[in-house]
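Q: Let me give you the structure first, and then I'll get to my questions.
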Amino acid sequence: METNEKVSATLNDLLKINNDRVEGYEKAADQTKDRDLEMLFQDMAGESRKIASSLTDEIEKLGEEAELESTTASGKIYRVWMDVKATFTGKDSEAILNACDYGEDAAQSAYKTALEDDHLQGGLRQMIEEQKAILSSSHNLIKEKRDELKVV
């Protein structure tokens with residue numbers, strides 16, 4: 001596999017996890033009864049839309065095709081799991097946040113794997129590191145919101 005194809009494959013994996021994240025947060029926004037959480041989830045979906053757009057641009061610069069509609073198998077499991085949890089919990093905010101935390105763990109793992117790829121160079125590596133940091137901040141916010149609910 002040529003270098004551009006390898007880099008493209010890595011970027012497409014990140015694109016997929018961001019597609020999962022958009023769908024997961026849209027579902028979370030629909031399921032929550034908490035207006036503040038709904039807004040937070042919508043913001044996080046928007047965050048991944050922007051990241052997905054950047055990834056798409058980079059894939060196309062490589063002369064490769066972006067997998068715009070694809071999601072990961074684990075992401076599909078994540079969304080199904082969120083549906084099941086909501087059914088049992090009556091759309092409880094803590095359960096929804098726990099599901100989001102699970103999804104954020106998957107995103108961090110995907111970015112960690114991508115950064116282990118020796119084919120990512122210079123500005124592209126920096127972009128991936130910056131995206132990982134953005135998603136890490138969001139992950140921390142999800143944990144913080146969940147922990148606040150436990151205290152109340």
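Each chain of the structure tokens is named A, B, ... in the order shown, its residues numbered from 1; ligands are numbered from 1 in display order.
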Could you name the residues that touch region 142-146 of chain A at 10 Å or less, counting only C-alpha atoms, but leaving out those on the same chain fewer than 4 positions away, as a PDB file with N, CA and C atoms, in the first residue's frame?

A:
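Wrote it out as selection00.pdb, contents follow:
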ATOM      1  N   LEU A  37     -27.915  19.764  28.823  1.00  0.00           N
ATOM      2  CA  LEU A  37     -27.214  18.638  28.204  1.00  0.00           C
ATOM      3  C   LEU A  37     -27.527  18.559  26.714  1.00  0.00           C
ATOM      4  N   LEU A  40     -25.281  20.958  25.067  1.00  0.00           N
ATOM      5  CA  LEU A  40     -23.914  20.442  25.100  1.00  0.00           C
ATOM      6  C   LEU A  40     -23.723  19.366  24.033  1.00  0.00           C
ATOM      7  N   PHE A  41     -24.669  18.449  23.946  1.00  0.00           N
ATOM      8  CA  PHE A  41     -24.567  17.373  22.967  1.00  0.00           C
ATOM      9  C   PHE A  41     -24.606  17.915  21.543  1.00  0.00           C
ATOM     10  N   SER A  93     -30.287  11.035  32.627  1.00  0.00           N
ATOM     11  CA  SER A  93     -29.110  11.813  32.202  1.00  0.00           C
ATOM     12  C   SER A  93     -27.801  11.110  32.518  1.00  0.00           C
ATOM     13  N   GLU A  94     -27.702  10.503  33.682  1.00  0.00           N
ATOM     14  CA  GLU A  94     -26.452   9.836  34.045  1.00  0.00           C
ATOM     15  C   GLU A  94     -26.161   8.672  33.099  1.00  0.00           C
ATOM     16  N   ALA A  95     -27.187   7.912  32.747  1.00  0.00           N
ATOM     17  CA  ALA A  95     -26.992   6.790  31.825  1.00  0.00           C
ATOM     18  C   ALA A  95     -26.577   7.288  30.441  1.00  0.00           C
ATOM     19  N   ILE A  96     -27.182   8.378  29.985  1.00  0.00           N
ATOM     20  CA  ILE A  96     -26.822   8.931  28.684  1.00  0.00           C
ATOM     21  C   ILE A  96     -25.374   9.417  28.711  1.00  0.00           C
ATOM     22  N   LEU A  97     -24.987  10.082  29.794  1.00  0.00           N
ATOM     23  CA  LEU A  97     -23.603  10.558  29.918  1.00  0.00           C
ATOM     24  C   LEU A  97     -22.625   9.389  29.982  1.00  0.00           C
ATOM     25  N   ASN A  98     -23.029   8.303  30.638  1.00  0.00           N
ATOM     26  CA  ASN A  98     -22.175   7.110  30.670  1.00  0.00           C
ATOM     27  C   ASN A  98     -21.985   6.550  29.267  1.00  0.00           C
ATOM     28  N   ALA A  99     -23.056   6.543  28.468  1.00  0.00           N
ATOM     29  CA  ALA A  99     -22.951   6.071  27.091  1.00  0.00           C
ATOM     30  C   ALA A  99     -22.035   6.980  26.278  1.00  0.00           C
ATOM     31  N   CYS A 100     -22.151   8.284  26.491  1.00  0.00           N
ATOM     32  CA  CYS A 100     -21.282   9.235  25.794  1.00  0.00           C
ATOM     33  C   CYS A 100     -19.829   9.031  26.207  1.00  0.00           C
ATOM     34  N   ASP A 101     -19.597   8.755  27.466  1.00  0.00           N
ATOM     35  CA  ASP A 101     -18.245   8.498  27.960  1.00  0.00           C
ATOM     36  C   ASP A 101     -17.659   7.278  27.250  1.00  0.00           C
ATOM     37  N   GLU A 104     -16.661   8.379  23.857  1.00  0.00           N
ATOM     38  CA  GLU A 104     -15.448   9.206  23.902  1.00  0.00           C
ATOM     39  C   GLU A 104     -14.207   8.356  24.124  1.00  0.00           C
ATOM     40  N   SER A 136     -10.436  15.233  23.730  1.00  0.00           N
ATOM     41  CA  SER A 136     -10.095  14.919  25.118  1.00  0.00           C
ATOM     42  C   SER A 136     -10.747  15.913  26.081  1.00  0.00           C
ATOM     43  N   SER A 137     -10.757  17.176  25.710  1.00  0.00           N
ATOM     44  CA  SER A 137     -11.425  18.193  26.536  1.00  0.00           C
ATOM     45  C   SER A 137     -12.916  17.906  26.636  1.00  0.00           C
ATOM     46  N   SER A 138     -13.516  17.527  25.520  1.00  0.00           N
ATOM     47  CA  SER A 138     -14.936  17.179  25.527  1.00  0.00           C
ATOM     48  C   SER A 138     -15.186  15.946  26.391  1.00  0.00           C
ATOM     49  N   LYS A 150     -23.840  12.562  40.024  1.00  0.00           N
ATOM     50  CA  LYS A 150     -23.657  11.608  41.111  1.00  0.00           C
ATOM     51  C   LYS A 150     -23.655  12.292  42.466  1.00  0.00           C
ATOM     52  N   VAL A 151     -23.169  13.537  42.501  1.00  0.00           N
ATOM     53  CA  VAL A 151     -23.071  14.297  43.753  1.00  0.00           C
ATOM     54  C   VAL A 151     -24.443  14.798  44.201  1.00  0.00           C
TER      55      VAL A 151
END

Q: Residues of chain A in alpha helix (DSSP H) according to DSSP, as an MDAnalysis selection string?

A: chainID A and resid 3:31 35:61 73:89 93:115 122:151

Q: Which residues, written as a list of chain:residue names, have at least one atom at most 7 Å from region 8-18 of chain A, with only C-alpha atoms counted and residues fewer than 3 positions away on the same chain left out?

A: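 Skipping anything fewer than 3 positions along the chain leaves A:Asn4, A:Glu5, A:Arg21, A:Val22, A:Ser48, A:Ala52, A:Leu55, A:Ile59, A:Glu64, A:Ala66, A:Glu67, A:Ser70, A:Thr71, A:Thr72, A:Gly75, A:Ala107, A:Ala110, A:Tyr111, A:Ala114.
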
Q: Report as a list in words all protein, DNA and RNA residues lying within 9 Å of Thr32 (chain A), evaluated on only C-alpha atoms, omitting residues in the same chain fewer than 2 positions from it.

A: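 The contact residues come out as Lys27, Ala28, Ala29, Asp30, Asp34, Arg35, Leu37, Glu38, Lys91, Asp92, Ser93 and Ile96 of chain A.
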
Q: With C-alpha atoms retained, write the just-selected residues as a compact mmCIF listing (two decimals), in the first residue's frame.

A:
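Produced file result.txt, reproduced below:
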# COMPACT_ATOMS: atom_id res chain seq x y z
CA LYS A 27 -29.10 10.71 19.54
CA ALA A 28 -28.09 11.82 23.04
CA ALA A 29 -29.53 15.29 22.40
CA ASP A 30 -32.81 13.71 21.31
CA ASP A 34 -32.13 18.18 30.29
CA ARG A 35 -31.98 21.31 28.11
CA LEU A 37 -27.21 18.64 28.20
CA GLU A 38 -29.13 18.83 24.93
CA LYS A 91 -33.58 8.48 29.32
CA ASP A 92 -31.79 9.12 32.61
CA SER A 93 -29.11 11.81 32.20
CA ILE A 96 -26.82 8.93 28.68

Q: Between CA of Met127 (chain A) and CA of Ser54 (chain A), measure the distance and give it in Å to one decimal.

A: 8.9 Å
